[in-house]
Amino acid sequence: MMLRFRPVARAARRQFSSKDGAPTTVTFEKMESDPRYKAGIKIDIDETYEGDRFSIKGAAIENVRPSYLDMQSTTPLDPRVLDAMLPHMMGSFGNPHSRTHSYGWSSEASVEEARAQISSLINCTPKEIVFTSGATESNNLAIKGVAGFYGGRKKHIITTQTEHKCVLDSCRHLEGQGFEVSYLPVEKSTGLVNLQDLANTIRKGETSLVSVMAVNNEIGTLQPLKEIGELCRSNKVFFHTDAAQMLGKMPIDVDEMKIDLMSMSSHKIYGPKGIGGLYIRRRPRVRLTELISGGGQERGMRSGTLPHPLCVGFGEACEVAGREMMRDEKHVNRLSARLEKSIKERIPEVTVNGHAGGEDGMGYPGCLNVSFAYVEGESLLMALKNVAVSSGSACTSASLEPSYVLRALGVDDELAHSSLRFGIGRFTTDEEVDFVVDLLEEHVTRLRDMSPLWEMVQEGIDLSTIQWSQDEGHDHGHGHGH
């Protein structure tokens, strides 16, 4: 994978403008006198001098695994889940769809037990659980499946601007097939959906589905699922939610919340990767058009041989999560509060994005998104060699564009570029949190010392009053992005 880096100081591309519009930081006289501007002049540089130069390579602690604070990306496999899976990888290896011998019967029984464990966690019947390869497939099946079945008379779908990329891309795919999709904005400070906006957007007899993520994977905001479900039910519109970040961490009752379809992922709750599920309500019944054709497994909604060891792991992960939810909640809340408090006390000019942090947080506290003003997020990430964190969704972190989720919250590009997402979970320790804060304080301070903007702020200059002139070549090269 090729990594691309953005300069540490974005201000390096900018210059002050004088009253007549000419740059004042470079003059023709300076170009005449400075040897660096003359062709053929060799400038002697002592490459052996190190001085106080910071080296990312030298910052890494050898033979020490980095502290892991990226639980929204994936979670480690719980040892109890592994113990449950191992017998089905060796001895009980039969195809769960083979009905003619004991190997198949045994595997089928383990799959049905896992189905029951998952359904118990969300208060539904086992028959309402369809196994998939993960939340991405579940989201595709829910959105495209409902649209395909009801598209003859209902061609309108509603979602939000802060959904996971697979939901947004599924909706864009449907737009290419003649469907109309409404992308609702979210409230700027919290990331919450405005229920009145949602009610006004629903078209009776035309809207087939409303898809709203339960807990946002970048900012941790928890949407008012019960209220959305009641609104959809009263208008005879199906309600789908991507609950990958909520399952097993916060209580879910699909009946009480009136959820009709719900996407789930195993590896977000300390289970194996490669397995997930889609809850599909039977009463009132939701009909889908299948995406994968084949042997008709999963009652015709998802063909393909089920990987029963992974199903067992997913089921066991749900079982453990149900037992330990209160313990996990207390642990995650405590460490999240410790992390946020320490960052705010030791590092000035930080902003918590979304509504998950703080005492009045209305979200999942284990997802903390923080912006460090006047620091490039990618530069900070590269410096934190001994910490596993991310600058946003793992599915889009290869892009150097600012997070579309933070943009939807009204966060400006400069601050969005300076954000990091910290994910705390079941196995996170106090020592890891304290270690991360120590490194953050060190490297945020170092990077800000390199920033002209930070220097100006320290001198009391109000940056909003300054006129900037952009480099023309830079503007032309990126004009298509606006």
# chains A, B, ... in the order shown; residues from 1 in each chain; ligands from 1
call {"tool": "residues_around", "arguments": {"residues": "Met213 in chain A", "least_positions_apart": "6", "cutoff": "9 Å", "atoms": "only C-alpha atoms", "output": "list in words"}}
result
Thr159, Thr160, Thr162, Glu163, His164, Leu222, Gln223, Leu225, His240, Thr241, Asp242, Ala243, Ala244 and Gln245 of chain A
call {"tool": "write_last_selection", "arguments": {"atoms": "all heavy atoms", "output": "mmCIF file, in the first residue's frame"}}
result
data_model
loop_
_atom_site.group_PDB
_atom_site.id
_atom_site.type_symbol
_atom_site.label_atom_id
_atom_site.label_comp_id
_atom_site.auth_asym_id
_atom_site.auth_seq_id
_atom_site.Cartn_x
_atom_site.Cartn_y
_atom_site.Cartn_z
ATOM 1 N N THR A 159 -31.865 8.232 3.996
ATOM 2 C CA THR A 159 -30.737 7.903 4.870
ATOM 3 C C THR A 159 -30.122 9.209 5.362
ATOM 4 O O THR A 159 -30.717 10.275 5.182
ATOM 5 C CB THR A 159 -29.706 7.026 4.122
ATOM 6 O OG1 THR A 159 -28.712 6.564 5.047
ATOM 7 C CG2 THR A 159 -29.036 7.775 2.986
ATOM 8 N N THR A 160 -28.950 9.149 5.993
ATOM 9 C CA THR A 160 -28.317 10.365 6.503
ATOM 10 C C THR A 160 -26.958 10.561 5.845
ATOM 11 O O THR A 160 -26.406 9.648 5.236
ATOM 12 C CB THR A 160 -28.123 10.320 8.037
ATOM 13 O OG1 THR A 160 -27.012 9.460 8.351
ATOM 14 C CG2 THR A 160 -29.375 9.811 8.724
ATOM 15 N N THR A 162 -24.185 10.920 7.324
ATOM 16 C CA THR A 162 -23.078 10.406 8.132
ATOM 17 C C THR A 162 -23.064 8.884 8.215
ATOM 18 O O THR A 162 -22.418 8.314 9.089
ATOM 19 C CB THR A 162 -23.144 10.991 9.559
ATOM 20 O OG1 THR A 162 -24.430 10.690 10.131
ATOM 21 C CG2 THR A 162 -22.934 12.495 9.542
ATOM 22 N N GLU A 163 -23.756 8.221 7.305
ATOM 23 C CA GLU A 163 -23.784 6.761 7.320
ATOM 24 C C GLU A 163 -22.434 6.183 6.911
ATOM 25 O O GLU A 163 -21.574 6.869 6.344
ATOM 26 C CB GLU A 163 -24.861 6.243 6.360
ATOM 27 C CG GLU A 163 -26.269 6.603 6.757
ATOM 28 C CD GLU A 163 -26.671 6.011 8.092
ATOM 29 O OE1 GLU A 163 -26.618 4.785 8.246
ATOM 30 O OE2 GLU A 163 -27.038 6.789 8.986
ATOM 31 N N HIS A 164 -22.275 4.880 7.159
ATOM 32 C CA HIS A 164 -21.089 4.178 6.702
ATOM 33 C C HIS A 164 -21.045 4.214 5.181
ATOM 34 O O HIS A 164 -22.067 4.264 4.504
ATOM 35 C CB HIS A 164 -21.122 2.730 7.198
ATOM 36 C CG HIS A 164 -19.825 2.007 7.014
ATOM 37 N ND1 HIS A 164 -19.471 1.411 5.833
ATOM 38 C CD2 HIS A 164 -18.799 1.774 7.872
ATOM 39 C CE1 HIS A 164 -18.291 0.839 5.956
ATOM 40 N NE2 HIS A 164 -17.855 1.049 7.182
ATOM 41 N N LEU A 222 -25.115 8.235 19.272
ATOM 42 C CA LEU A 222 -26.216 7.272 19.303
ATOM 43 C C LEU A 222 -27.490 7.961 18.834
ATOM 44 O O LEU A 222 -27.922 8.946 19.415
ATOM 45 C CB LEU A 222 -26.399 6.728 20.722
ATOM 46 C CG LEU A 222 -27.649 5.866 20.969
ATOM 47 C CD1 LEU A 222 -27.572 4.566 20.178
ATOM 48 C CD2 LEU A 222 -27.819 5.589 22.463
ATOM 49 N N GLN A 223 -28.096 7.424 17.783
ATOM 50 C CA GLN A 223 -29.324 8.011 17.252
ATOM 51 C C GLN A 223 -30.536 7.565 18.089
ATOM 52 O O GLN A 223 -30.508 6.502 18.710
ATOM 53 C CB GLN A 223 -29.522 7.599 15.797
ATOM 54 C CG GLN A 223 -28.426 8.073 14.850
ATOM 55 C CD GLN A 223 -28.398 9.586 14.661
ATOM 56 O OE1 GLN A 223 -29.322 10.300 15.066
ATOM 57 N NE2 GLN A 223 -27.336 10.079 14.040
ATOM 58 N N LEU A 225 -33.142 5.653 18.253
ATOM 59 C CA LEU A 225 -33.683 4.544 17.470
ATOM 60 C C LEU A 225 -35.164 4.306 17.724
ATOM 61 O O LEU A 225 -35.932 4.065 16.788
ATOM 62 C CB LEU A 225 -32.879 3.270 17.773
ATOM 63 C CG LEU A 225 -31.384 3.314 17.441
ATOM 64 C CD1 LEU A 225 -30.733 1.979 17.771
ATOM 65 C CD2 LEU A 225 -31.163 3.666 15.969
ATOM 66 N N HIS A 240 -34.378 0.422 8.797
ATOM 67 C CA HIS A 240 -33.134 -0.351 8.856
ATOM 68 C C HIS A 240 -32.084 0.436 9.614
ATOM 69 O O HIS A 240 -31.968 1.660 9.458
ATOM 70 C CB HIS A 240 -32.604 -0.639 7.438
ATOM 71 C CG HIS A 240 -31.161 -1.090 7.429
ATOM 72 N ND1 HIS A 240 -30.125 -0.284 6.990
ATOM 73 C CD2 HIS A 240 -30.588 -2.257 7.829
ATOM 74 C CE1 HIS A 240 -28.981 -0.936 7.104
ATOM 75 N NE2 HIS A 240 -29.233 -2.130 7.607
ATOM 76 N N THR A 241 -31.321 -0.258 10.462
ATOM 77 C CA THR A 241 -30.220 0.388 11.167
ATOM 78 C C THR A 241 -28.966 -0.465 11.106
ATOM 79 O O THR A 241 -29.029 -1.693 11.197
ATOM 80 C CB THR A 241 -30.585 0.699 12.643
ATOM 81 O OG1 THR A 241 -29.519 1.439 13.247
ATOM 82 C CG2 THR A 241 -30.809 -0.578 13.441
ATOM 83 N N ASP A 242 -27.845 0.200 10.897
ATOM 84 C CA ASP A 242 -26.533 -0.450 10.932
ATOM 85 C C ASP A 242 -26.062 -0.395 12.382
ATOM 86 O O ASP A 242 -25.645 0.645 12.874
ATOM 87 C CB ASP A 242 -25.571 0.306 10.012
ATOM 88 C CG ASP A 242 -24.147 -0.244 10.069
ATOM 89 O OD1 ASP A 242 -23.894 -1.178 10.851
ATOM 90 O OD2 ASP A 242 -23.283 0.273 9.331
ATOM 91 N N ALA A 243 -26.152 -1.538 13.066
ATOM 92 C CA ALA A 243 -25.843 -1.582 14.501
ATOM 93 C C ALA A 243 -24.489 -2.225 14.783
ATOM 94 O O ALA A 243 -24.255 -2.728 15.879
ATOM 95 C CB ALA A 243 -26.940 -2.333 15.253
ATOM 96 N N ALA A 244 -23.588 -2.203 13.799
ATOM 97 C CA ALA A 244 -22.285 -2.853 13.976
ATOM 98 C C ALA A 244 -21.532 -2.309 15.183
ATOM 99 O O ALA A 244 -20.859 -3.055 15.898
ATOM 100 C CB ALA A 244 -21.446 -2.690 12.704
ATOM 101 N N GLN A 245 -21.642 -0.994 15.438
ATOM 102 C CA GLN A 245 -20.901 -0.382 16.545
ATOM 103 C C GLN A 245 -21.677 -0.389 17.857
ATOM 104 O O GLN A 245 -21.146 0.011 18.887
ATOM 105 C CB GLN A 245 -20.532 1.061 16.183
ATOM 106 C CG GLN A 245 -19.640 1.196 14.967
ATOM 107 C CD GLN A 245 -18.233 0.682 15.194
ATOM 108 O OE1 GLN A 245 -17.813 0.473 16.329
ATOM 109 N NE2 GLN A 245 -17.496 0.461 14.123
#
call {"tool": "select_by_dssp", "arguments": {"residues": "range 84-230 of chain A", "states": "strand (DSSP E)", "output": "ChimeraX atom specification"}}
result
/A:129-132,156-160,180-184,207-211
call {"tool": "residues_around", "arguments": {"residues": "range 320-331 of chain A", "least_positions_apart": "4", "cutoff": "7 Å", "atoms": "only C-alpha atoms", "output": "PDB file with N, CA and C atoms, in the first residue's frame"}}
result
ATOM      1  N   LEU A 121     -29.658 -11.827  22.219  1.00  0.00           N
ATOM      2  CA  LEU A 121     -29.034 -10.556  22.566  1.00  0.00           C
ATOM      3  C   LEU A 121     -29.870  -9.358  22.119  1.00  0.00           C
ATOM      4  N   GLY A 248     -23.901  -5.555  21.342  1.00  0.00           N
ATOM      5  CA  GLY A 248     -23.085  -6.105  22.415  1.00  0.00           C
ATOM      6  C   GLY A 248     -22.480  -5.079  23.350  1.00  0.00           C
ATOM      7  N   LYS A 249     -22.610  -3.799  23.014  1.00  0.00           N
ATOM      8  CA  LYS A 249     -22.032  -2.738  23.838  1.00  0.00           C
ATOM      9  C   LYS A 249     -23.100  -1.928  24.554  1.00  0.00           C
ATOM     10  N   GLU A 316     -20.988 -17.116  20.222  1.00  0.00           N
ATOM     11  CA  GLU A 316     -20.341 -17.071  21.536  1.00  0.00           C
ATOM     12  C   GLU A 316     -19.984 -15.639  21.918  1.00  0.00           C
ATOM     13  N   LEU A 335     -12.514   4.469  31.509  1.00  0.00           N
ATOM     14  CA  LEU A 335     -11.294   4.749  30.752  1.00  0.00           C
ATOM     15  C   LEU A 335     -11.501   5.884  29.752  1.00  0.00           C
ATOM     16  N   ARG A 426     -13.061  -3.700  25.825  1.00  0.00           N
ATOM     17  CA  ARG A 426     -13.045  -4.653  26.939  1.00  0.00           C
ATOM     18  C   ARG A 426     -11.646  -4.889  27.493  1.00  0.00           C
TER      19      ARG A 426
END
call {"tool": "residues_around", "arguments": {"residues": "Glu349 in chain A", "least_positions_apart": "5", "cutoff": "10 Å", "atoms": "only C-alpha atoms", "output": "MDAnalysis selection string"}}
result
chainID A and resid 344 371:374
call {"tool": "write_last_selection", "arguments": {"atoms": "N, CA, C and O atoms", "output": "short mmCIF file (atom, residue, chain, number, x, y, z; two decimals), in the first residue's frame"}}
result
data_model
loop_
_atom_site.label_atom_id
_atom_site.label_comp_id
_atom_site.auth_asym_id
_atom_site.auth_seq_id
_atom_site.Cartn_x
_atom_site.Cartn_y
_atom_site.Cartn_z
N LYS A 344 -7.69 16.96 27.81
CA LYS A 344 -8.12 18.35 27.96
C LYS A 344 -7.28 19.10 28.99
O LYS A 344 -7.05 20.31 28.84
N SER A 371 -10.15 16.57 17.93
CA SER A 371 -9.36 17.38 17.00
C SER A 371 -8.32 18.17 17.79
O SER A 371 -8.64 18.78 18.81
N PHE A 372 -7.09 18.15 17.28
CA PHE A 372 -5.98 18.90 17.89
C PHE A 372 -5.66 20.05 16.94
O PHE A 372 -5.01 19.86 15.91
N ALA A 373 -6.12 21.24 17.28
CA ALA A 373 -5.97 22.38 16.39
C ALA A 373 -4.50 22.65 16.09
O ALA A 373 -3.62 22.45 16.93
N TYR A 374 -4.24 23.08 14.84
CA TYR A 374 -2.92 23.46 14.35
C TYR A 374 -1.95 22.27 14.26
O TYR A 374 -0.74 22.45 14.31
#
call {"tool": "select_by_dssp", "arguments": {"residues": "range 96-342 of chain A", "states": "helix (DSSP H, G or I)", "output": "ChimeraX atom specification"}}
result
/A:102-122,126-128,135-150,165-175,195-201,225-234,308-342
